[in-house]
file target13.cif (mmCIF, C-alpha atoms)
data_protein
loop_
_atom_site.label_atom_id
_atom_site.label_comp_id
_atom_site.auth_asym_id
_atom_site.auth_seq_id
_atom_site.Cartn_x
_atom_site.Cartn_y
_atom_site.Cartn_z
CA MET A 1 12.00 -10.41 23.47
CA ASP A 2 12.60 -6.69 24.03
CA ASP A 3 10.61 -5.27 26.94
CA HIS A 4 9.14 -2.65 24.63
CA VAL A 5 7.62 -5.19 22.23
CA ALA A 6 3.96 -5.83 23.10
CA PRO A 7 1.17 -7.75 21.36
CA VAL A 8 -1.27 -5.77 19.21
CA ASP A 9 -4.98 -6.58 19.25
CA LEU A 10 -5.72 -8.33 15.93
CA ALA A 11 -8.69 -6.00 15.38
CA LYS A 12 -6.22 -3.08 15.22
CA ALA A 13 -3.49 -4.86 13.29
CA TYR A 14 -4.49 -3.23 9.98
CA ARG A 15 -3.41 0.13 11.42
CA LEU A 16 0.20 -1.02 11.41
CA LEU A 17 0.11 -1.01 7.58
CA ASN A 18 -2.72 1.40 6.81
CA HIS A 19 -0.42 4.36 6.09
CA GLY A 20 1.42 2.39 3.39
CA PRO A 21 4.91 1.91 4.82
CA THR A 22 7.61 -0.03 3.02
CA VAL A 23 8.02 -3.29 4.93
CA LEU A 24 10.55 -6.02 5.50
CA VAL A 25 9.36 -9.53 4.69
CA SER A 26 11.01 -12.34 6.64
CA ALA A 27 10.59 -16.10 6.42
CA ARG A 28 12.24 -19.28 7.63
CA HIS A 29 12.30 -22.82 6.28
CA ASP A 30 14.47 -25.79 7.02
CA GLY A 31 17.01 -23.75 8.97
CA VAL A 32 17.30 -20.98 6.36
CA ASP A 33 16.25 -17.40 7.16
CA ASP A 34 15.84 -14.58 4.69
CA VAL A 35 14.64 -11.00 4.78
CA MET A 36 13.70 -8.77 1.85
CA ALA A 37 12.26 -5.29 1.41
CA ALA A 38 8.82 -4.75 -0.13
CA ALA A 39 7.14 -1.46 -0.97
CA TRP A 40 4.18 -3.36 -2.39
CA ALA A 41 2.49 -4.61 0.76
CA CYS A 42 -1.02 -3.61 1.78
CA ALA A 43 -3.82 -4.37 4.18
CA LEU A 44 -6.60 -6.47 2.64
CA ASP A 45 -9.15 -7.07 5.39
CA PHE A 46 -10.04 -6.12 8.97
CA SER A 47 -11.34 -9.33 10.52
CA PRO A 48 -9.70 -11.68 10.31
CA PRO A 49 -6.94 -9.26 9.31
CA LYS A 50 -5.37 -10.07 5.97
CA VAL A 51 -2.58 -8.55 3.93
CA THR A 52 -1.23 -8.68 0.39
CA VAL A 53 2.43 -8.57 -0.56
CA VAL A 54 4.17 -8.86 -3.92
CA LEU A 55 7.09 -11.31 -3.87
CA ASP A 56 9.14 -11.53 -7.04
CA LYS A 57 10.01 -15.00 -8.33
CA ALA A 58 13.72 -14.12 -8.14
CA THR A 59 13.67 -13.72 -4.34
CA ARG A 60 14.78 -16.42 -1.95
CA THR A 61 12.29 -15.15 0.61
CA ARG A 62 9.44 -16.12 -1.71
CA ALA A 63 10.68 -19.72 -1.83
CA LEU A 64 10.82 -19.81 1.98
CA VAL A 65 7.26 -18.46 2.20
CA GLU A 66 6.00 -21.04 -0.27
CA ALA A 67 7.74 -23.86 1.61
CA SER A 68 6.81 -22.81 5.14
CA GLY A 69 3.42 -21.19 4.56
CA LEU A 70 4.42 -18.40 6.94
CA PHE A 71 5.90 -14.93 6.70
CA VAL A 72 6.32 -11.81 8.79
CA LEU A 73 5.73 -8.25 7.58
CA GLN A 74 7.53 -5.72 9.74
CA VAL A 75 7.59 -1.95 9.66
CA PRO A 76 11.17 -0.65 9.67
CA THR A 77 12.10 2.75 11.07
CA ALA A 78 13.88 5.75 9.56
CA ARG A 79 17.06 4.80 11.39
CA GLN A 80 17.00 1.48 9.47
CA ALA A 81 16.96 3.04 5.98
CA ASP A 82 20.40 1.66 5.07
CA LEU A 83 19.41 -1.83 6.28
CA VAL A 84 16.15 -1.72 4.26
CA TYR A 85 17.96 -0.65 1.12
CA ALA A 86 20.67 -3.29 1.67
CA VAL A 87 18.32 -6.26 2.14
CA GLY A 88 16.37 -5.03 -0.90
CA SER A 89 19.50 -4.89 -3.05
CA ARG A 90 21.34 -8.11 -2.09
CA SER A 91 20.22 -11.70 -2.58
CA LEU A 92 20.81 -14.61 -0.26
CA ALA A 93 21.38 -16.71 -3.38
CA ASP A 94 24.50 -14.68 -4.22
CA ASP A 95 25.61 -13.92 -0.67
CA PRO A 96 25.03 -16.51 2.07
CA ASP A 97 26.11 -13.91 4.66
CA LYS A 98 23.55 -11.41 3.40
CA LEU A 99 21.74 -10.92 6.70
CA ALA A 100 24.87 -10.35 8.79
CA ARG A 101 26.33 -8.10 6.14
CA CYS A 102 23.16 -6.02 6.08
CA GLY A 103 23.14 -5.67 9.87
CA VAL A 104 19.99 -7.74 10.36
CA GLU A 105 19.44 -9.13 13.85
CA LEU A 106 16.60 -11.65 14.21
CA PHE A 107 14.54 -12.64 17.20
CA VAL A 108 11.62 -14.95 17.93
CA ALA A 109 8.45 -13.46 19.35
CA ASP A 110 6.78 -14.82 22.42
CA CYS A 111 3.91 -16.92 21.17
CA VAL A 112 0.61 -16.24 22.82
CA GLU A 113 -1.70 -19.23 22.51
CA ALA A 114 -4.85 -17.15 22.21
CA ASP A 115 -8.06 -18.56 20.86
CA ASP A 116 -9.64 -15.55 19.20
CA GLY A 117 -12.71 -17.45 18.04
CA ILE A 118 -12.07 -16.52 14.43
CA GLU A 119 -12.35 -19.29 11.91
CA ALA A 120 -9.80 -19.04 9.14
CA ALA A 121 -10.67 -19.62 5.50
CA ASP A 122 -9.39 -23.17 5.67
CA GLY A 123 -11.58 -24.01 8.66
CA ASN A 124 -8.72 -23.96 11.12
CA ASP A 125 -8.99 -21.59 14.00
CA ALA A 126 -6.65 -18.62 13.61
CA GLY A 127 -5.78 -18.73 17.29
CA LYS A 128 -4.38 -22.21 16.91
CA GLY A 129 -1.93 -20.93 14.34
CA ILE A 130 -0.26 -18.53 16.74
CA GLY A 131 1.53 -21.27 18.59
CA ALA A 132 2.84 -22.58 15.28
CA VAL A 133 4.42 -19.33 14.05
CA ASP A 134 8.02 -20.21 13.39
CA ALA A 135 9.25 -17.17 11.52
CA PRO A 136 12.07 -14.79 12.36
CA LEU A 137 11.37 -11.17 13.33
CA VAL A 138 13.78 -8.34 12.52
CA ALA A 139 14.96 -6.45 15.59
CA GLY A 140 14.71 -2.67 15.71
CA CYS A 141 11.48 -2.38 13.71
CA SER A 142 8.38 -0.64 15.05
CA ALA A 143 5.78 -3.33 14.30
CA TRP A 144 5.49 -6.95 13.20
CA LEU A 145 2.64 -8.95 11.63
CA ALA A 146 3.04 -12.73 11.58
CA CYS A 147 1.04 -14.10 8.67
CA ARG A 148 -0.10 -17.51 7.54
CA LEU A 149 -0.10 -17.83 3.76
CA VAL A 150 -3.56 -18.14 2.24
CA PRO A 151 -2.67 -20.21 -0.82
CA GLU A 152 -3.90 -18.65 -4.06
CA PRO A 153 -1.80 -20.33 -6.78
CA HIS A 154 -3.21 -18.25 -9.64
CA ASN A 155 -2.39 -14.92 -7.93
CA GLN A 156 1.04 -16.13 -6.91
CA GLN A 157 1.93 -17.35 -10.39
CA ALA A 158 0.29 -14.68 -12.55
CA TYR A 159 0.91 -11.60 -10.39
CA ASP A 160 3.52 -12.59 -7.75
CA LEU A 161 0.73 -11.60 -5.35
CA PHE A 162 0.59 -13.34 -1.97
CA ILE A 163 -2.22 -13.15 0.56
CA GLY A 164 -1.60 -13.71 4.26
CA GLU A 165 -3.86 -13.91 7.26
CA VAL A 166 -2.41 -12.10 10.25
CA VAL A 167 -2.25 -14.58 13.14
CA ALA A 168 -0.29 -12.40 15.58
CA ALA A 169 0.98 -8.84 15.70
CA TRP A 170 3.33 -6.88 17.92
CA ALA A 171 4.54 -3.30 18.12
CA ASP A 172 7.18 -1.33 19.96
CA THR A 173 5.21 0.57 22.56
CA ARG A 174 7.51 3.57 22.23
CA VAL A 175 5.85 4.38 18.88
CA PHE A 176 2.59 2.32 18.71
CA ARG A 177 0.34 1.55 21.68
CA ASP A 178 -3.38 1.30 22.43
CA GLY A 179 -4.06 0.98 18.70
CA HIS A 180 -2.41 4.29 17.75
CA TRP A 181 0.85 5.46 16.21
CA TYR A 182 2.76 8.16 18.10
CA PHE A 183 5.16 9.25 15.37
CA ASP A 184 5.09 12.92 16.35
CA ALA A 185 6.10 12.19 19.94
CA ALA A 186 8.49 9.28 19.38
CA GLY A 187 11.22 11.18 17.57
CA PRO A 188 12.45 11.19 13.97
CA GLY A 189 14.28 7.86 14.19
CA TRP A 190 10.98 6.02 14.71
CA ARG A 191 9.18 7.28 11.60
CA SER A 192 8.16 4.70 9.01
CA LEU A 193 9.85 4.61 5.60
CA HIS A 194 8.05 4.93 2.27
CA TYR A 195 10.21 3.89 -0.68
CA ILE A 196 10.16 5.60 -4.07
CA ALA A 197 13.14 4.40 -6.15
CA GLY A 198 16.92 4.66 -6.44
CA GLY A 199 17.54 4.38 -2.69
CA GLN A 200 15.20 7.27 -1.91
CA PHE A 201 12.54 7.01 0.76
CA TYR A 202 10.25 9.49 2.42
CA ALA A 203 9.75 9.26 6.18
CA ILE A 204 6.17 9.57 7.36
CA GLY A 205 5.46 13.12 8.50
CA GLU A 206 3.01 15.08 10.59
CA SER A 207 -0.42 14.09 11.81
CA VAL A 208 -3.36 15.62 9.91
CA LEU A 209 -6.84 15.41 11.42
CA ALA A 210 -9.91 15.79 9.20
CA LYS A 211 -12.16 18.63 10.34
CA ASP A 212 -15.23 16.44 10.77
CA ALA A 213 -13.40 13.56 12.42
CA GLY A 214 -15.24 12.45 15.46
CA GLY A 215 -13.60 9.12 15.92
CA THR A 216 -16.67 7.58 14.34
CA ARG A 217 -14.90 5.75 11.54
CA ALA A 218 -12.98 2.56 12.10
CA ASP A 219 -12.21 3.64 15.64
CA MET B 1 -7.17 20.41 -18.24
CA ASP B 2 -5.06 22.45 -15.84
CA ASP B 3 -1.80 23.66 -17.39
CA HIS B 4 0.15 22.00 -14.58
CA VAL B 5 -1.22 18.51 -15.30
CA ALA B 6 1.18 16.57 -17.52
CA PRO B 7 1.34 12.94 -18.67
CA VAL B 8 3.59 10.56 -16.70
CA ASP B 9 5.65 7.95 -18.53
CA LEU B 10 3.95 4.60 -17.86
CA ALA B 11 7.32 3.10 -16.88
CA LYS B 12 7.42 5.53 -13.93
CA ALA B 13 3.74 5.34 -13.03
CA TYR B 14 4.39 2.95 -10.11
CA ARG B 15 6.25 5.78 -8.34
CA LEU B 16 3.00 7.67 -7.95
CA LEU B 17 1.81 4.96 -5.52
CA ASN B 18 5.07 3.44 -4.30
CA HIS B 19 5.11 5.40 -1.03
CA GLY B 20 1.70 4.05 -0.04
CA PRO B 21 -0.56 7.10 -0.13
CA THR B 22 -4.26 6.92 0.57
CA VAL B 23 -6.01 7.42 -2.78
CA LEU B 24 -9.32 8.51 -4.18
CA VAL B 25 -11.01 6.02 -6.49
CA SER B 26 -13.30 7.46 -9.15
CA ALA B 27 -15.48 5.80 -11.75
CA ARG B 28 -18.27 6.63 -14.18
CA HIS B 29 -21.02 4.54 -15.75
CA ASP B 30 -24.17 5.45 -17.55
CA GLY B 31 -23.98 9.10 -16.55
CA VAL B 32 -23.28 8.39 -12.87
CA ASP B 33 -20.01 9.48 -11.24
CA ASP B 34 -18.74 8.45 -7.84
CA VAL B 35 -15.58 8.95 -5.81
CA MET B 36 -14.47 7.06 -2.71
CA ALA B 37 -11.38 7.01 -0.50
CA ALA B 38 -9.16 3.93 -0.28
CA ALA B 39 -6.18 3.38 1.98
CA TRP B 40 -5.81 -0.13 0.57
CA ALA B 41 -4.38 0.55 -2.86
CA CYS B 42 -0.97 -0.65 -3.98
CA ALA B 43 1.31 -1.01 -6.98
CA LEU B 44 1.36 -4.57 -8.36
CA ASP B 45 3.67 -4.51 -11.41
CA PHE B 46 6.07 -2.25 -13.32
CA SER B 47 5.43 -3.08 -16.97
CA PRO B 48 2.72 -2.97 -17.92
CA PRO B 49 2.01 -1.09 -14.68
CA LYS B 50 -0.69 -2.68 -12.58
CA VAL B 51 -2.33 -1.80 -9.29
CA THR B 52 -4.51 -3.44 -6.68
CA VAL B 53 -7.31 -1.73 -4.78
CA VAL B 54 -9.81 -3.04 -2.24
CA LEU B 55 -13.39 -1.96 -3.01
CA ASP B 56 -16.00 -2.92 -0.46
CA LYS B 57 -19.26 -4.43 -1.74
CA ALA B 58 -21.20 -1.63 -0.03
CA THR B 59 -19.65 1.10 -2.19
CA ARG B 60 -21.37 2.56 -5.23
CA THR B 61 -17.97 3.19 -6.81
CA ARG B 62 -17.40 -0.57 -6.95
CA ALA B 63 -20.59 -1.08 -8.94
CA LEU B 64 -19.49 1.63 -11.39
CA VAL B 65 -16.07 -0.04 -11.79
CA GLU B 66 -17.66 -3.42 -12.40
CA ALA B 67 -20.05 -1.96 -14.98
CA SER B 68 -17.56 0.25 -16.84
CA GLY B 69 -14.37 -1.78 -16.46
CA LEU B 70 -12.50 1.46 -15.72
CA PHE B 71 -11.39 3.39 -12.67
CA VAL B 72 -8.99 6.15 -11.72
CA LEU B 73 -6.71 6.14 -8.67
CA GLN B 74 -5.64 9.62 -7.70
CA VAL B 75 -3.30 10.86 -5.01
CA PRO B 76 -4.94 13.60 -2.93
CA THR B 77 -2.95 16.30 -1.16
CA ALA B 78 -2.78 17.41 2.46
CA ARG B 79 -5.01 20.37 1.69
CA GLN B 80 -7.71 17.89 0.60
CA ALA B 81 -7.84 15.97 3.90
CA ASP B 82 -11.41 17.08 4.67
CA LEU B 83 -12.54 16.11 1.15
CA VAL B 84 -10.88 12.67 1.43
CA TYR B 85 -12.50 12.01 4.78
CA ALA B 86 -15.86 13.24 3.51
CA VAL B 87 -15.99 11.05 0.37
CA GLY B 88 -14.86 8.12 2.52
CA SER B 89 -17.66 8.70 5.04
CA ARG B 90 -20.67 9.44 2.81
CA SER B 91 -22.33 7.18 0.26
CA LEU B 92 -23.86 8.19 -3.06
CA ALA B 93 -26.60 5.69 -2.33
CA ASP B 94 -27.76 7.77 0.66
CA ASP B 95 -26.88 11.19 -0.72
CA PRO B 96 -27.22 11.86 -4.46
CA ASP B 97 -25.46 15.20 -3.95
CA LYS B 98 -22.49 13.55 -2.26
CA LEU B 99 -19.83 14.85 -4.64
CA ALA B 100 -20.95 18.47 -4.58
CA ARG B 101 -21.42 18.33 -0.82
CA CYS B 102 -17.89 16.96 -0.38
CA GLY B 103 -16.41 19.69 -2.57
CA VAL B 104 -15.37 17.32 -5.36
CA GLU B 105 -14.72 18.93 -8.75
CA LEU B 106 -14.25 16.52 -11.65
CA PHE B 107 -12.45 16.94 -14.94
CA VAL B 108 -11.68 14.82 -17.97
CA ALA B 109 -8.05 14.31 -18.90
CA ASP B 110 -6.75 14.93 -22.37
CA CYS B 111 -6.56 11.52 -23.99
CA VAL B 112 -3.29 10.76 -25.71
CA GLU B 113 -3.76 8.10 -28.35
CA ALA B 114 -0.35 6.55 -27.79
CA ASP B 115 0.47 3.06 -29.00
CA ASP B 116 2.93 1.85 -26.42
CA GLY B 117 3.35 -1.57 -28.00
CA ILE B 118 2.25 -3.32 -24.82
CA GLU B 119 -0.26 -6.09 -25.25
CA ALA B 120 -2.79 -6.24 -22.45
CA ALA B 121 -3.85 -9.52 -20.86
CA ASP B 122 -6.98 -9.64 -22.96
CA GLY B 123 -5.00 -9.32 -26.20
CA ASN B 124 -6.02 -5.72 -26.78
CA ASP B 125 -3.26 -3.20 -27.07
CA ALA B 126 -3.01 -1.02 -23.98
CA GLY B 127 -2.43 2.08 -26.10
CA LYS B 128 -5.79 1.61 -27.75
CA GLY B 129 -7.43 1.73 -24.37
CA ILE B 130 -6.22 5.24 -23.64
CA GLY B 131 -8.58 6.78 -26.14
CA ALA B 132 -11.41 4.88 -24.49
CA VAL B 133 -10.79 6.08 -20.93
CA ASP B 134 -14.06 7.65 -19.89
CA ALA B 135 -13.56 8.13 -16.18
CA PRO B 136 -13.72 11.31 -14.13
CA LEU B 137 -10.59 12.72 -12.49
CA VAL B 138 -10.73 14.65 -9.22
CA ALA B 139 -9.33 18.18 -9.49
CA GLY B 140 -6.69 19.36 -7.02
CA CYS B 141 -4.93 16.01 -6.61
CA SER B 142 -1.21 15.55 -7.29
CA ALA B 143 -1.38 12.46 -9.53
CA TRP B 144 -3.86 10.30 -11.44
CA LEU B 145 -3.68 6.73 -12.76
CA ALA B 146 -6.38 5.69 -15.23
CA CYS B 147 -6.82 1.93 -14.98
CA ARG B 148 -8.59 -0.71 -17.00
CA LEU B 149 -10.04 -3.43 -14.79
CA VAL B 150 -8.34 -6.81 -15.17
CA PRO B 151 -11.29 -9.06 -14.36
CA GLU B 152 -10.52 -11.58 -11.61
CA PRO B 153 -13.95 -12.68 -10.34
CA HIS B 154 -12.58 -14.85 -7.53
CA ASN B 155 -10.46 -12.04 -6.05
CA GLN B 156 -13.29 -9.54 -6.41
CA GLN B 157 -15.83 -11.81 -4.74
CA ALA B 158 -13.71 -13.45 -2.03
CA TYR B 159 -11.44 -10.53 -1.07
CA ASP B 160 -13.03 -7.36 -2.59
CA LEU B 161 -9.65 -7.15 -4.37
CA PHE B 162 -9.56 -5.47 -7.78
CA ILE B 163 -6.64 -5.45 -10.21
CA GLY B 164 -6.20 -2.68 -12.75
CA GLU B 165 -3.77 -2.10 -15.57
CA VAL B 166 -2.63 1.51 -15.74
CA VAL B 167 -3.37 2.77 -19.25
CA ALA B 168 -2.53 6.44 -18.67
CA ALA B 169 -1.09 8.53 -15.85
CA TRP B 170 -0.73 12.22 -15.13
CA ALA B 171 0.77 14.34 -12.39
CA ASP B 172 0.80 17.96 -11.32
CA THR B 173 4.25 19.14 -12.32
CA ARG B 174 4.45 21.39 -9.27
CA VAL B 175 5.01 18.28 -7.11
CA PHE B 176 5.91 15.38 -9.50
CA ARG B 177 7.96 15.76 -12.68
CA ASP B 178 10.64 13.81 -14.57
CA GLY B 179 9.66 10.68 -12.61
CA HIS B 180 10.31 12.21 -9.18
CA TRP B 181 8.29 13.60 -6.31
CA TYR B 182 9.31 17.04 -5.00
CA PHE B 183 7.44 17.05 -1.71
CA ASP B 184 10.15 18.91 0.18
CA ALA B 185 10.16 21.82 -2.30
CA ALA B 186 6.45 21.95 -3.17
CA GLY B 187 5.21 23.07 0.23
CA PRO B 188 3.15 21.37 2.96
CA GLY B 189 -0.18 21.57 1.11
CA TRP B 190 1.10 19.19 -1.59
CA ARG B 191 2.13 16.31 0.67
CA SER B 192 0.33 13.01 0.20
CA LEU B 193 -2.02 11.69 2.87
CA HIS B 194 -1.68 8.35 4.64
CA TYR B 195 -4.80 7.33 6.51
CA ILE B 196 -4.80 5.53 9.84
CA ALA B 197 -8.34 5.57 11.35
CA GLY B 198 -10.89 7.88 12.95
CA GLY B 199 -10.26 10.78 10.57
CA GLN B 200 -6.54 10.79 11.31
CA PHE B 201 -3.96 10.85 8.52
CA TYR B 202 -0.24 11.38 8.43
CA ALA B 203 1.20 13.59 5.71
CA ILE B 204 4.29 12.24 3.96
CA GLY B 205 7.41 13.76 5.47
CA GLU B 206 11.07 14.30 4.68
CA SER B 207 13.23 12.62 2.07
CA VAL B 208 15.62 9.94 3.37
CA LEU B 209 18.40 8.69 1.10
CA ALA B 210 20.04 5.31 1.78
CA LYS B 211 23.80 5.62 2.26
CA ASP B 212 24.68 3.22 -0.56
CA ALA B 213 22.10 4.58 -2.99
CA GLY B 214 23.69 5.22 -6.32
CA GLY B 215 20.57 5.44 -8.41
CA THR B 216 21.22 1.86 -9.51
CA ARG B 217 17.91 0.46 -8.38
CA ALA B 218 14.70 1.00 -10.29
CA ASP B 219 16.00 4.34 -11.55
#
call {"tool": "encode", "arguments": {"input": "target13.cif", "output": "structure tokens"}}
result
Amino acid sequence: MDDHVAPVDLAKAYRLLNHGPTVLVSARHDGVDDVMAAAWACALDFSPPKVTVVLDKATRTRALVEASGLFVLQVPTARQADLVYAVGSRSLADDPDKLARCGVELFVADCVEADDGIEAADGNDAGKGIGAVDAPLVAGCSAWLACRLVPEPHNQQAYDLFIGEVVAAWADTRVFRDGHWYFDAAGPGWRSLHYIAGGQFYAIGESVLAKDAGGTRAD
Amino acid sequence: MDDHVAPVDLAKAYRLLNHGPTVLVSARHDGVDDVMAAAWACALDFSPPKVTVVLDKATRTRALVEASGLFVLQVPTARQADLVYAVGSRSLADDPDKLARCGVELFVADCVEADDGIEAADGNDAGKGIGAVDAPLVAGCSAWLACRLVPEPHNQQAYDLFIGEVVAAWADTRVFRDGHWYFDAAGPGWRSLHYIAGGQFYAIGESVLAKDAGGTRAD
């Protein structure tokens, strides 16, 4: 694992998604890896941290998530815009070499067997799950959230809406550390991407501090 | 209604939220208006357009949404950062003058009685609903999505997760027109806000076009 990739405190994991970046969704099952792009991913809860993501029935990644019960949301950077657009436009079903062709390099995160004392919805301890995360991470991103699927068959079928509980998170310390993003200092290549349509994204921009902010909220 | 506020084609309404802005949620019931801030709002479907938003049980806005079955998501601008932080920090329950104190000005949108031929989940035609939208819009924002609640009691109770079907949308043509955002041209005050924590937002930044983008995707 890259020296710059460090674990993120689960209590701060929501901040990796709070600004609404387009993400890459990766999953692995039975020796098959896939990665797709998703603009429709969102934080859902603080503790234990949960996320939502919309996975269309046509995607191979969705099938891998359903089979493995695991997925990773990662925050790609401005320098990865072509990669994000490519994995969002090609399907593994049509192109078995999709990932190589799109320039995707995968790695496995160091698994920290931390017991965080949080009981998951199914009664299993979330900490236990960390050792079991067997999902591929996309290299070059700024942050990663490994998620265990919280099965909700009605949401998945009716809305393509998947809920995950974050069991581990990491970030590249060059742009996120101590619970804070440093987009302004890290350089333009590190900015998150926010997809609109037709291959057009916006990069995240400048920091704006509310006048009355005293660090009293969610900090 | 301000001359610059124009209807947005429902087929393009998802683009108002696709880049993950922090939104204001407004609702009205029985003569009571409230507005809150929500970083956890997301597009859910294209046609009919749907959205998700997380509404904490402690918020008065949630009670108004549950009672009226309607809410509006609006995209505030960088110049409204103090307002967004203020409505997200104060509660109508503690402060009956919350909206005035936060500088919130409300207006009612012109209702277009358009039959779009789309049947809603409950069998009612979505077009019919437009005439019935009785929810306050926050002045000075860049875009507004009027939503009819799609009742999902389990999601609302277990996850504070609300689903809405967009029945009408509007945007300020100075920053969104013909289905496209013009953040780069509109000036810094019009950029959307993306909340992190502790009163800190990022404004949306520069446009990034994928190399292979040919307008073939979702355009």
call {"tool": "atom_distance", "arguments": {"input": "target13.cif", "atom1": "CA of Asp134 (chain B)", "atom2": "CA of Leu99 (chain B)"}}
result
17.8 Å
call {"tool": "residues_around", "arguments": {"input": "target13.cif", "residues": "region 15-21 of chain A", "least_positions_apart": "4", "cutoff": "8 Å", "atoms": "all atoms listed in the file", "output": "list in words"}}
result
Ala39, Ala41, Cys42, Ala43, Val75, Ala143, Gly179, His180, Ser192, Leu193, His194 and Tyr195 of chain A; His19, Gly20, Pro21, Thr22, Ala39, Trp40, His194, Tyr195, Ile196, Ala197, Phe201 and Tyr202 of chain B
call {"tool": "residues_around", "arguments": {"input": "target13.cif", "residues": "Leu92 (chain B)", "least_positions_apart": "4", "cutoff": "10 Å", "atoms": "all atoms listed in the file", "output": "list in words"}}
result
Val32, Asp33, Asp34, Val35, Met36, Thr59, Arg60, Thr61, Val87, Pro96, Asp97, Lys98 and Leu99 of chain B
call {"tool": "closest_residue", "arguments": {"input": "target13.cif", "among": "B:Ala100, B:Ala135, B:Val108, B:Val54", "to": "chain A", "atoms": "all atoms listed in the file"}}
result
B:Val54
call {"tool": "residues_near_point", "arguments": {"input": "target13.cif", "point": "(-6.5, 16.1, -2.5)", "cutoff": "8 Å", "atoms": "only C-alpha atoms", "output": "PyMOL selection string"}}
result
chain B and resi 75-81+83-84+139-142+192
call {"tool": "closest_residue", "arguments": {"input": "target13.cif", "among": "B:Ala171, B:Ala158, B:Ala109, B:Ala186", "to": "chain A", "atoms": "all atoms listed in the file"}}
result
B:Ala158
call {"tool": "resolve_selection", "arguments": {"input": "target13.cif", "expression": "the PyMOL selection byres ((chain A and resi 212) around 9)", "output": "list in words"}}
result
Leu209, Ala210, Lys211, Ala213 and Gly214 of chain A; Asp82, Tyr85, Ala86 and Gly199 of chain B
call {"tool": "closest_residue", "arguments": {"input": "target13.cif", "among": "A:Ser68, A:Thr173, A:Ser207, A:Thr52", "to": "Gln156 (chain A)", "atoms": "only C-alpha atoms"}}
result
A:Thr52
call {"tool": "resolve_selection", "arguments": {"input": "target13.cif", "expression": "the PyMOL selection byres ((chain A and resi 187) around 12)", "output": "MDAnalysis selection string"}}
result
chainID A and resid 77:79 174:175 181:186 188:192 203:206
call {"tool": "residues_around", "arguments": {"input": "target13.cif", "residues": "Glu165 (chain A)", "least_positions_apart": "2", "cutoff": "9 Å", "atoms": "all atoms listed in the file", "output": "count of residues only"}}
result
14
